[in-house]
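Undergrad: So here's protein.cif, just mmCIF, C-alpha atoms and all ligand atoms:
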data_structure
loop_
_atom_site.label_atom_id
_atom_site.label_comp_id
_atom_site.auth_asym_id
_atom_site.auth_seq_id
_atom_site.Cartn_x
_atom_site.Cartn_y
_atom_site.Cartn_z
CA ARG G 257 131.09 152.76 132.99
CA LYS G 258 133.99 150.34 133.14
CA ASN G 259 132.55 146.88 133.05
CA SER G 260 134.66 143.89 132.08
CA LYS G 261 133.00 141.82 129.38
CA THR G 262 132.87 138.70 131.49
CA GLU G 263 131.20 140.42 134.41
CA LYS G 264 127.46 139.94 134.06
CA VAL G 265 124.97 142.34 135.55
CA LYS G 266 122.08 140.38 137.00
CA GLY G 267 118.70 141.44 135.67
CA PRO G 268 115.19 140.58 136.84
CA ASN G 269 114.38 138.62 133.65
CA ASP G 270 117.58 136.66 133.09
CA ASP G 271 115.76 133.31 132.99
CA ILE G 272 113.46 134.56 130.22
CA ILE G 273 116.34 136.09 128.30
CA GLU G 274 118.31 132.86 128.53
CA ILE G 275 115.55 130.77 126.97
CA LEU G 276 114.65 133.32 124.32
CA THR G 277 118.34 133.50 123.39
CA GLU G 278 118.41 129.74 122.96
CA LEU G 279 115.38 130.01 120.71
CA LEU G 280 117.10 132.80 118.79
CA ASN G 281 120.13 130.55 118.29
CA TYR G 282 117.92 127.85 116.81
CA TYR G 283 116.22 130.29 114.48
CA GLN G 284 119.67 131.43 113.41
CA LEU G 285 120.53 127.81 112.75
CA ILE G 286 117.51 127.32 110.49
CA LYS G 287 117.97 130.80 109.01
CA SER G 288 114.52 132.04 109.90
CA GLU G 289 115.37 135.71 109.28
CA TRP G 290 112.04 137.15 110.29
CA ARG G 291 111.94 135.31 113.62
CA MET G 292 115.59 136.16 114.31
CA MET G 293 114.71 139.85 114.03
CA SER G 294 111.71 139.65 116.33
CA TYR G 295 113.66 137.69 118.92
CA GLN G 296 116.63 140.06 118.81
CA LYS G 297 114.29 143.00 119.21
CA ALA G 298 112.40 141.35 122.08
CA ILE G 299 115.58 140.31 123.90
CA SER G 300 116.97 143.86 123.80
CA ALA G 301 113.64 145.21 125.01
CA ILE G 302 113.61 142.80 127.95
CA LYS G 303 117.21 143.66 128.82
CA ARG G 304 116.21 147.34 129.05
CA TYR G 305 113.06 146.59 131.05
CA PRO G 306 113.68 147.21 134.78
CA ASN G 307 110.95 145.07 136.37
CA LYS G 308 110.29 141.40 136.62
CA ILE G 309 107.92 140.21 133.90
CA SER G 310 105.28 137.84 135.24
CA SER G 311 102.44 137.72 132.71
CA TYR G 312 101.50 137.71 129.05
CA LYS G 313 99.76 141.06 129.44
CA GLN G 314 102.76 142.69 130.99
CA ALA G 315 105.08 141.30 128.32
CA LYS G 316 102.76 142.40 125.56
CA SER G 317 102.75 145.97 126.90
CA ILE G 318 106.52 146.29 126.44
CA PHE G 319 107.54 148.05 123.23
CA GLY G 320 109.40 145.60 120.97
CA ILE G 321 107.61 142.44 122.16
CA GLY G 322 105.00 140.99 119.82
CA ASP G 323 102.09 138.71 120.53
CA GLY G 324 103.89 135.40 119.80
CA ILE G 325 106.88 136.15 121.98
CA ALA G 326 104.67 137.52 124.78
CA LYS G 327 102.92 134.11 124.83
CA LYS G 328 106.30 132.36 124.99
CA ILE G 329 107.31 134.59 127.88
CA GLU G 330 104.19 133.60 129.80
CA GLU G 331 104.95 129.93 129.12
CA ILE G 332 108.50 130.42 130.37
CA VAL G 333 107.28 132.22 133.48
CA ASN G 334 104.78 129.43 134.22
CA THR G 335 106.75 126.32 133.29
CA GLY G 336 110.39 127.38 133.35
CA THR G 337 110.83 126.33 129.74
CA CYS G 338 109.08 126.37 126.40
CA LYS G 339 107.78 123.47 124.33
CA LYS G 340 109.19 124.84 121.08
CA LEU G 341 112.69 124.87 122.54
CA GLU G 342 112.32 121.35 123.93
CA THR G 343 111.24 120.10 120.48
CA PHE G 344 114.18 121.83 118.85
CA LYS G 345 116.57 120.27 121.33
CA LYS G 346 115.09 116.83 120.81
CA ASP G 347 115.32 117.16 117.03
CA LYS G 348 118.89 118.29 117.35
CA MET G 349 119.77 115.37 119.60
CA ASN G 350 118.14 112.94 117.19
CA ASN G 351 120.10 114.39 114.30
CA VAL G 352 123.35 113.96 116.18
CA LEU G 353 122.44 110.44 117.32
CA LYS G 354 121.58 109.56 113.72
CA ILE G 355 125.09 110.53 112.64
CA PHE G 356 126.76 108.62 115.48
CA ILE G 357 124.68 105.49 114.89
CA GLN G 358 125.74 105.46 111.26
CA ILE G 359 129.30 104.81 112.39
CA TRP G 360 130.01 101.15 111.95
CA GLY G 361 130.11 99.43 115.35
CA VAL G 362 128.33 102.25 117.19
CA GLY G 363 124.90 101.43 118.58
CA GLU G 364 122.29 103.52 120.30
CA SER G 365 123.82 103.25 123.77
CA THR G 366 127.27 104.42 122.68
CA ALA G 367 125.71 107.20 120.62
CA LYS G 368 123.71 108.42 123.62
CA LYS G 369 126.71 108.15 125.90
CA TRP G 370 128.70 110.33 123.53
CA TYR G 371 125.87 112.82 123.20
CA ASN G 372 125.61 113.11 126.96
CA LYS G 373 129.34 113.76 127.15
CA GLY G 374 128.64 116.79 124.98
CA TYR G 375 129.90 115.51 121.63
CA ARG G 376 127.93 116.91 118.72
CA SER G 377 130.07 115.86 115.77
CA ILE G 378 132.43 113.15 114.64
CA ASP G 379 135.26 115.65 115.17
CA ASP G 380 134.25 116.03 118.83
CA ILE G 381 134.56 112.25 119.23
CA LEU G 382 137.93 112.10 117.50
CA LYS G 383 139.27 114.94 119.64
CA ASN G 384 137.99 113.79 123.02
CA GLU G 385 137.30 110.10 123.11
CA HIS G 386 139.76 107.28 123.55
CA LEU G 387 138.56 105.00 120.78
CA THR G 388 138.93 101.28 120.32
CA TYR G 389 140.62 99.99 117.18
CA HIS G 390 137.26 99.05 115.67
CA GLN G 391 135.69 102.40 116.46
CA LYS G 392 138.63 104.15 114.82
CA ILE G 393 138.12 102.11 111.69
CA GLY G 394 134.39 102.83 111.87
CA ILE G 395 135.02 106.55 111.92
CA GLN G 396 137.71 106.46 109.27
CA LEU G 397 135.40 104.51 106.99
CA TYR G 398 132.43 106.70 107.91
CA ASN G 399 134.19 109.70 106.45
CA GLU G 400 134.94 107.79 103.26
CA PHE G 401 131.42 106.32 103.05
CA LYS G 402 129.88 109.78 103.16
CA GLU G 403 131.16 110.27 99.64
CA ARG G 404 129.36 108.64 96.75
CA MET G 405 131.57 106.96 94.17
CA PRO G 406 131.50 107.58 90.42
CA ARG G 407 129.55 104.82 88.68
CA GLU G 408 132.75 103.85 86.81
CA GLU G 409 134.28 102.80 90.14
CA ALA G 410 131.18 100.78 91.05
CA GLU G 411 131.43 99.15 87.63
CA GLU G 412 135.12 98.30 88.09
CA ILE G 413 134.55 96.78 91.54
CA SER G 414 131.59 94.77 90.19
CA LYS G 415 133.68 93.51 87.27
CA GLN G 416 136.47 92.41 89.60
CA VAL G 417 134.01 90.60 91.89
CA GLN G 418 132.60 88.74 88.90
CA THR G 419 135.96 87.91 87.33
CA ILE G 420 137.56 86.75 90.56
CA ILE G 421 134.63 84.51 91.53
CA GLN G 422 134.03 83.10 88.05
CA THR G 423 137.70 82.27 87.48
CA GLN G 424 138.60 81.12 90.99
CA TYR G 425 135.38 79.55 92.18
CA ASP G 426 132.44 78.87 89.85
CA PRO G 427 132.14 80.04 86.22
CA ASP G 428 128.38 79.39 86.23
CA LEU G 429 127.55 82.03 88.82
CA GLN G 430 125.82 85.12 87.43
CA PHE G 431 126.25 88.67 88.70
CA TYR G 432 123.98 91.70 88.58
CA THR G 433 124.93 95.13 89.88
CA MET G 434 121.83 96.65 91.39
CA GLY G 435 120.59 99.73 93.21
CA SER G 436 121.49 103.19 91.97
CA PHE G 437 123.95 101.64 89.50
CA ARG G 438 121.21 99.76 87.66
CA ARG G 439 119.03 102.84 87.70
CA GLY G 440 121.80 104.50 85.70
CA LEU G 441 122.77 107.14 88.25
CA PRO G 442 126.12 108.89 87.73
CA THR G 443 127.18 108.18 91.33
CA CYS G 444 126.54 105.32 93.73
CA GLY G 445 126.38 105.31 97.53
CA ASP G 446 127.43 101.68 97.64
CA ILE G 447 127.72 98.64 95.40
CA ASP G 448 124.83 96.17 95.47
CA ILE G 449 125.52 92.85 93.80
CA ILE G 450 123.13 89.94 93.30
CA ILE G 451 124.80 86.57 92.84
CA THR G 452 122.71 83.74 91.38
CA LYS G 453 122.93 80.51 89.42
CA ASN G 454 120.54 78.42 87.34
CA ASP G 455 121.05 75.48 89.70
CA ASN G 456 120.92 74.63 93.38
CA LEU G 457 122.94 76.99 95.54
CA ASP G 458 125.37 75.78 98.17
CA PRO G 459 124.25 77.30 101.51
CA GLU G 460 127.88 78.13 102.23
CA LEU G 461 128.31 79.91 98.89
CA LEU G 462 128.45 83.43 100.33
CA TYR G 463 131.08 82.49 102.93
CA ASP G 464 133.29 81.09 100.16
CA VAL G 465 132.73 84.11 97.93
CA VAL G 466 133.64 86.53 100.72
CA LYS G 467 136.72 84.50 101.64
CA ILE G 468 138.00 84.51 98.07
CA LEU G 469 137.34 88.22 97.57
CA LYS G 470 139.26 88.91 100.79
CA GLN G 471 142.16 86.75 99.68
CA ASN G 472 142.26 88.80 96.50
CA GLY G 473 142.38 91.99 98.55
CA LEU G 474 139.16 93.39 97.10
CA LEU G 475 137.20 93.16 100.37
CA THR G 476 138.85 94.91 103.32
CA HIS G 477 136.33 94.77 106.19
CA ASP G 478 133.20 92.82 107.17
CA LEU G 479 130.21 94.67 108.55
CA SER G 480 127.51 92.04 108.79
CA PHE G 481 126.35 88.72 107.53
CA SER G 482 122.72 87.57 107.61
CA ARG G 483 121.25 84.27 106.60
CA LYS G 484 118.22 83.78 104.38
CA ASN G 485 114.84 83.93 106.10
CA SER G 486 111.22 83.98 104.94
CA GLU G 487 111.52 87.63 103.87
CA GLU G 488 115.15 88.16 102.95
CA HIS G 489 117.98 86.63 101.02
CA THR G 490 121.35 85.71 102.46
CA LYS G 491 123.22 88.99 102.58
CA TYR G 492 126.74 90.16 103.25
CA MET G 493 127.54 93.77 104.05
CA GLY G 494 131.15 94.80 103.90
CA VAL G 495 133.80 97.08 102.50
CA ALA G 496 135.56 96.93 99.15
CA GLN G 497 138.51 98.96 97.94
CA LEU G 498 140.39 99.35 94.68
CA PRO G 499 144.09 100.20 95.04
CA GLY G 500 144.51 103.96 95.40
CA HIS G 501 140.79 104.50 95.92
CA LYS G 502 138.55 105.08 98.94
CA HIS G 503 136.90 102.31 100.91
CA ARG G 504 133.41 101.64 99.53
CA ARG G 505 130.39 99.95 101.03
CA ILE G 506 129.41 96.74 99.27
CA ASP G 507 126.38 94.48 99.65
CA LEU G 508 126.39 90.94 98.27
CA LEU G 509 123.17 88.95 97.98
CA ILE G 510 122.65 85.32 97.18
CA VAL G 511 119.43 84.84 95.22
CA PRO G 512 117.88 81.51 94.17
CA TRP G 513 117.23 81.36 90.43
CA ASP G 514 113.46 81.12 90.87
CA GLU G 515 113.36 84.37 92.82
CA LEU G 516 115.62 86.36 90.52
CA GLY G 517 112.83 88.55 89.10
CA ALA G 518 111.55 89.60 92.53
CA ALA G 519 115.11 90.21 93.75
CA LEU G 520 116.03 92.26 90.67
CA LEU G 521 112.89 94.31 91.17
CA TYR G 522 113.53 94.87 94.86
CA PHE G 523 117.24 95.68 94.68
CA THR G 524 116.91 98.01 91.74
CA GLY G 525 114.77 100.32 93.84
CA SER G 526 114.44 103.08 94.37
CA ASP G 527 113.00 102.41 97.80
CA ILE G 528 110.22 104.89 97.00
CA PHE G 529 109.43 103.05 93.78
CA ASN G 530 109.38 99.79 95.77
CA ARG G 531 107.02 101.24 98.31
CA SER G 532 104.54 102.24 95.62
CA LEU G 533 104.68 98.74 94.07
CA ARG G 534 104.14 97.12 97.46
CA LEU G 535 101.18 99.37 98.05
CA LEU G 536 99.70 98.34 94.69
CA ALA G 537 100.13 94.69 95.63
CA ARG G 538 98.48 95.28 98.99
CA LYS G 539 95.50 96.93 97.31
CA LYS G 540 94.99 93.68 95.42
CA GLY G 541 95.20 91.79 98.70
CA TRP G 542 98.65 90.48 97.79
CA ARG G 543 102.09 90.91 99.21
CA LEU G 544 105.30 91.83 97.38
CA ASN G 545 108.73 91.32 98.91
CA GLN G 546 112.23 90.63 97.65
CA ARG G 547 111.39 86.95 97.18
CA GLY G 548 108.14 87.19 95.23
CA LEU G 549 104.58 88.36 94.81
CA TYR G 550 102.20 86.33 97.00
CA ALA G 551 98.44 85.94 97.45
CA ASN G 552 96.62 84.64 100.55
CA VAL G 553 99.28 85.50 103.07
CA LEU G 554 97.71 84.53 106.38
CA ARG G 555 98.44 86.81 109.28
CA ASN G 556 97.83 86.91 113.00
CA THR G 557 95.99 89.91 114.37
CA ASP G 558 99.38 91.42 115.29
CA ALA G 559 100.35 91.21 111.56
CA SER G 560 102.87 88.44 112.16
CA LYS G 561 102.80 85.86 109.43
CA ILE G 562 101.24 82.41 109.63
CA THR G 563 101.81 81.31 106.04
CA SER G 564 103.80 82.92 103.26
CA GLY G 565 100.87 82.44 100.89
CA VAL G 566 100.60 81.31 97.30
CA LEU G 567 103.29 82.47 94.91
CA ILE G 568 101.92 84.53 92.02
CA ALA G 569 105.16 85.64 90.36
CA SER G 570 108.89 85.81 91.13
CA LYS G 571 110.94 84.54 88.17
CA THR G 572 111.13 87.70 86.08
CA GLU G 573 110.45 91.38 86.66
CA LYS G 574 108.09 91.36 83.67
CA GLU G 575 105.90 88.65 85.26
CA ILE G 576 105.54 90.75 88.41
CA PHE G 577 104.72 93.96 86.53
CA ASP G 578 102.16 92.00 84.47
CA ALA G 579 100.52 90.48 87.55
CA LEU G 580 100.27 93.92 89.13
CA GLU G 581 98.90 95.27 85.83
CA VAL G 582 101.61 97.91 85.68
CA PRO G 583 103.37 98.63 82.36
CA TYR G 584 107.02 97.51 82.49
CA CYS G 585 109.17 100.33 83.80
CA GLU G 586 112.83 100.61 82.74
CA PRO G 587 115.32 100.74 85.67
CA LYS G 588 116.38 104.27 84.67
CA ASP G 589 112.77 105.36 85.17
CA ARG G 590 112.48 103.90 88.65
CA ASP G 591 114.16 106.74 90.47
CA ALA G 592 110.97 108.13 91.91
N1 LIG G 601 115.81 98.88 99.41
C1 LIG G 601 114.49 99.12 99.79
N2 LIG G 601 114.22 99.51 101.06
C2 LIG G 601 115.21 99.69 101.94
C3 LIG G 601 116.55 99.48 101.58
C4 LIG G 601 116.81 99.07 100.29
O1 LIG G 601 113.57 98.96 99.00
N3 LIG G 601 114.93 100.07 103.19
C5 LIG G 601 116.10 98.46 98.03
C6 LIG G 601 115.90 99.63 97.10
C7 LIG G 601 117.28 100.14 96.90
C8 LIG G 601 118.09 98.86 96.93
O2 LIG G 601 117.43 98.04 97.90
O3 LIG G 601 117.41 100.82 95.68
C9 LIG G 601 119.52 99.08 97.27
O4 LIG G 601 119.62 99.75 98.51
P1 LIG G 601 120.69 100.90 98.72
O5 LIG G 601 120.53 101.35 100.12
O6 LIG G 601 122.02 100.45 98.30
O7 LIG G 601 120.13 102.10 97.81
P2 LIG G 601 120.50 102.57 96.34
O8 LIG G 601 121.47 101.66 95.69
O9 LIG G 601 119.21 102.81 95.63
O10 LIG G 601 121.16 104.00 96.56
P3 LIG G 601 122.71 104.30 96.91
O11 LIG G 601 123.34 104.82 95.67
O12 LIG G 601 122.64 105.33 97.97
O13 LIG G 601 123.33 103.03 97.37
MG MG G 602 123.18 101.07 96.62
MN MN G 603 123.13 98.81 99.36
#
Show me this structure written as structure tokens.
TA:
Amino acid sequence: RKNSKTEKVKGPNDDIIEILTELLNYYQLIKSEWRMMSYQKAISAIKRYPNKISSYKQAKSIFGIGDGIAKKIEEIVNTGTCKKLETFKKDKMNNVLKIFIQIWGVGESTAKKWYNKGYRSIDDILKNEHLTYHQKIGIQLYNEFKERMPREEAEEISKQVQTIIQTQYDPDLQFYTMGSFRRGLPTCGDIDIIITKNDNLDPELLYDVVKILKQNGLLTHDLSFSRKNSEEHTKYMGVAQLPGHKHRRIDLLIVPWDELGAALLYFTGSDIFNRSLRLLARKKGWRLNQRGLYANVLRNTDASKITSGVLIASKTEKEIFDALEVPYCEPKDRDA
């Protein structure tokens, strides 16, 4: 029989085949070999079957269709779709949205708009979308940010930050490189730097620091700037670059001297280690955040805070470990 490949013969169970094929594609995606085989077998069986399938029992009676798929067929017949497939699709959409939202300057609405236009990857966006200057930068940097840097590069950037600021601005400022770097990892996703001083801190300090680092060409782009609040320190998020190297994400934090211990603890991480310490604090009825360990934090019924409580410890990491009755843990051992 001469049948061109594009010409489709209509069958009585095309709607079922279509959905089962979508499911098969997903199982291929997650490499579920056993399911792929059953679905392939079932799909061929349905294609050969001459009558319309309208029940579980009928489906089950067809050679090549197992119990699980027969149930799916009944669901498809009754509802026109299948929950499993809907969940898969939703997961897939969320994964794509997650990638899009990570692009600097792209929020949820843009991400959804792009998804609905059919884009599933950054490449799709680059190929099809007319991008603004900032979005282009966001995507260019996104590709560079995906790569972790060797710790030597994080060290060099940190050194330059310190040298530039101490020589051109204030020699009394102290610098600590935090995060994965302090935990001793061989690569770093970004550079986290705490800036502090055994003295009062000028509220405009971070603006000045950023300005000077930009003038020196070390910082290339700003991402965000947030002022100190009851939970968090003043923080700058931006981009640093050494000549001939990739753009790297950098976070700068201004920490008051009295809170250095709590800040060191928090920004060393890992976030999992932090979570377990916070849980320990909570079990004692206390609260640990990046500014200190507190007792008697008063809360509204909706968990919003009324008072920040009584400070138990914040000056050194050791004090906080002691208060929590946890043996001091070296940064290199805080990876889990
Ligand atoms: N942190 C946290 N909870 C978060 C974000 C951060 O406890 N939601 C703390 C722990 C992290 C530290 O701040 O170790 C620095 O955050 P990073 O996101 O920079 O994480 P790391 O430096 O640990 O890893 P990476 O190498 O990916 O930057
Ligand atoms: Mg980091
Ligand atoms: Mn960081």
Undergrad: Residues proximal to (117.0, 88.4, 105.5) were defined as those with any atom within 12 Å of that point in the file's coordinates, counting all atoms listed in the file. Which are they, as a compact mmCIF listing (two decimals) with C-alpha atoms, in the coordinates of the input?
TA:
# COMPACT_ATOMS: atom_id res chain seq x y z
CA SER G 480 127.51 92.04 108.79
CA PHE G 481 126.35 88.72 107.53
CA SER G 482 122.72 87.57 107.61
CA ARG G 483 121.25 84.27 106.60
CA LYS G 484 118.22 83.78 104.38
CA ASN G 485 114.84 83.93 106.10
CA SER G 486 111.22 83.98 104.94
CA GLU G 487 111.52 87.63 103.87
CA GLU G 488 115.15 88.16 102.95
CA HIS G 489 117.98 86.63 101.02
CA THR G 490 121.35 85.71 102.46
CA LYS G 491 123.22 88.99 102.58
CA TYR G 492 126.74 90.16 103.25
CA MET G 493 127.54 93.77 104.05
CA LEU G 509 123.17 88.95 97.98
CA ILE G 510 122.65 85.32 97.18
CA VAL G 511 119.43 84.84 95.22
CA ASN G 545 108.73 91.32 98.91
CA GLN G 546 112.23 90.63 97.65
CA ARG G 547 111.39 86.95 97.18
Undergrad: Could the residues of chain G that have an atom at most 8 Å from ligand MG 602 (chain G) be listed as JSON lines, each with its closest atom pair and the distance in Å to one decimal, counting only C-alpha atoms and all ligand atoms and ordered by chain and ascending residue number?
TA:
{"residue": "G:Met434", "atom": "CA", "partner": "G:MG602", "partner_atom": "MG", "distance": 7.0}
{"residue": "G:Gly435", "atom": "CA", "partner": "G:MG602", "partner_atom": "MG", "distance": 4.5}
{"residue": "G:Ser436", "atom": "CA", "partner": "G:MG602", "partner_atom": "MG", "distance": 5.4}
{"residue": "G:Phe437", "atom": "CA", "partner": "G:MG602", "partner_atom": "MG", "distance": 7.2}
{"residue": "G:Cys444", "atom": "CA", "partner": "G:MG602", "partner_atom": "MG", "distance": 6.1}
{"residue": "G:Gly445", "atom": "CA", "partner": "G:MG602", "partner_atom": "MG", "distance": 5.4}
{"residue": "G:Asp446", "atom": "CA", "partner": "G:MG602", "partner_atom": "MG", "distance": 4.4}
{"residue": "G:Ile447", "atom": "CA", "partner": "G:MG602", "partner_atom": "MG", "distance": 5.3}
{"residue": "G:Asp448", "atom": "CA", "partner": "G:MG602", "partner_atom": "MG", "distance": 5.3}
{"residue": "G:Asp507", "atom": "CA", "partner": "G:MG602", "partner_atom": "MG", "distance": 7.9}
Undergrad: What is the CA of Phe431 in chain G to CA of Leu533 in chain G distance in Å?
TA: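 CA of Leu533 in chain G lies at a distance of 24.4 Å from CA of Phe431 in chain G.
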Undergrad: Here is a test: counting only C-alpha atoms, which residue of G:Asp578, G:Thr452, G:Thr476, G:Trp360 is nearest to Ala519 in chain G?
TA: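 Among G:Asp578, G:Thr452, G:Thr476, G:Trp360, it is G:Thr452 that comes nearest to Ala519 in chain G.
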Undergrad: As a PyMOL selection string, please: the residues near Gln424 in chain G (cut-off 12 Å, only C-alpha atoms, same-chain neighbours under 4 positions excluded).
TA: chain G and resi 416-420+428-429+464-465+467-469+471-472
Undergrad: Would you please work out which residue, of G:Leu508, G:Met405, G:Ile325, G:Leu567, is nearest to Met293 in chain G when using all atoms listed in the file?
TA: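 Smallest distance to Met293 in chain G is found for G:Ile325.
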Undergrad: Pick from G:Glu403, G:Asp478, G:Glu581, G:Glu412: nearest to ligand LIG 601 (chain G), with all atoms listed in the file counted?
TA: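 Among G:Glu403, G:Asp478, G:Glu581, G:Glu412, it is G:Glu403 that comes nearest to ligand LIG 601 (chain G).
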Undergrad: Rank nothing, just name the residue among G:Asp589, G:Glu573, G:Asp527, G:Asp455 nearest to ligand LIG 601 (chain G), using all atoms listed in the file.
TA: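 For ligand LIG 601 (chain G), the nearest of the candidates is G:Asp527.
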Undergrad: Just the residues within 6 Å of range 494-502 of chain G, please, counting only C-alpha atoms, with nothing from its chain fewer than 2 positions along; format it as an MDAnalysis selection string.
TA: chainID G and resid 474:479 504:506
Undergrad: Extract, using all atoms listed in the file, all DNA, RNA and protein residues at most 12 Å from Ala518 in chain G, discarding same-chain residues fewer than 3 positions from it, and format them as a ChimeraX atom specification.
TA: /G:450,487-489,511-515,521-525,530,533-534,543-550,567-577
Undergrad: Rank nothing, just name the residue among G:Gly440, G:Gly565, G:Gly517, G:Pro459 nearest to ligand LIG 601 (chain G), using only C-alpha atoms and all ligand atoms.
TA: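 Nearest to ligand LIG 601 (chain G): G:Gly440.
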Undergrad: Give me, as a PyMOL selection string, all polymer residues having an atom no more than 12 Å from Tyr398 in chain G, counting all atoms listed in the file and skipping those fewer than 5 positions away in the same chain.
TA: chain G and resi 355-362+378-379+390-393+403-404+495+502-505
Undergrad: Taking only C-alpha atoms into account, name the residue in G:Leu457, G:Asn552, G:Glu411, G:Asp271 that is nearest to Asp426 in chain G.
TA: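 For Asp426 in chain G, the nearest of the given residues is G:Leu457.
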Undergrad: Assuming 8 Å of padding per side, give the centre and edge lengths of the axis-aligned box around every listed atom of ligand LIG 601 (chain G), in Å to one decimal and as JSON.
TA:
{"center_x": 118.5, "center_y": 101.7, "center_z": 99.4, "size_x": 25.8, "size_y": 23.3, "size_z": 23.6}
Undergrad: How many Å lie between atom P2 of ligand LIG 601 (chain G) and CA of Arg538 in chain G, rounded to one decimal?
TA: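 For atom P2 of ligand LIG 601 (chain G) relative to CA of Arg538 in chain G, the distance reads 23.3 Å.
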Undergrad: Record the distance separating CA of Thr343 in chain G and CA of Lys368 in chain G, expressed in Å with one decimal.
TA: 17.4 Å
Undergrad: Residues within 9 Å of Ile299 in chain G, please, as JSON, numbers by chain. Count all atoms listed in the file; anything in the same chain fewer than 6 positions from it doesn't count.
TA: {"G": [272, 273, 276, 277, 320, 321]}
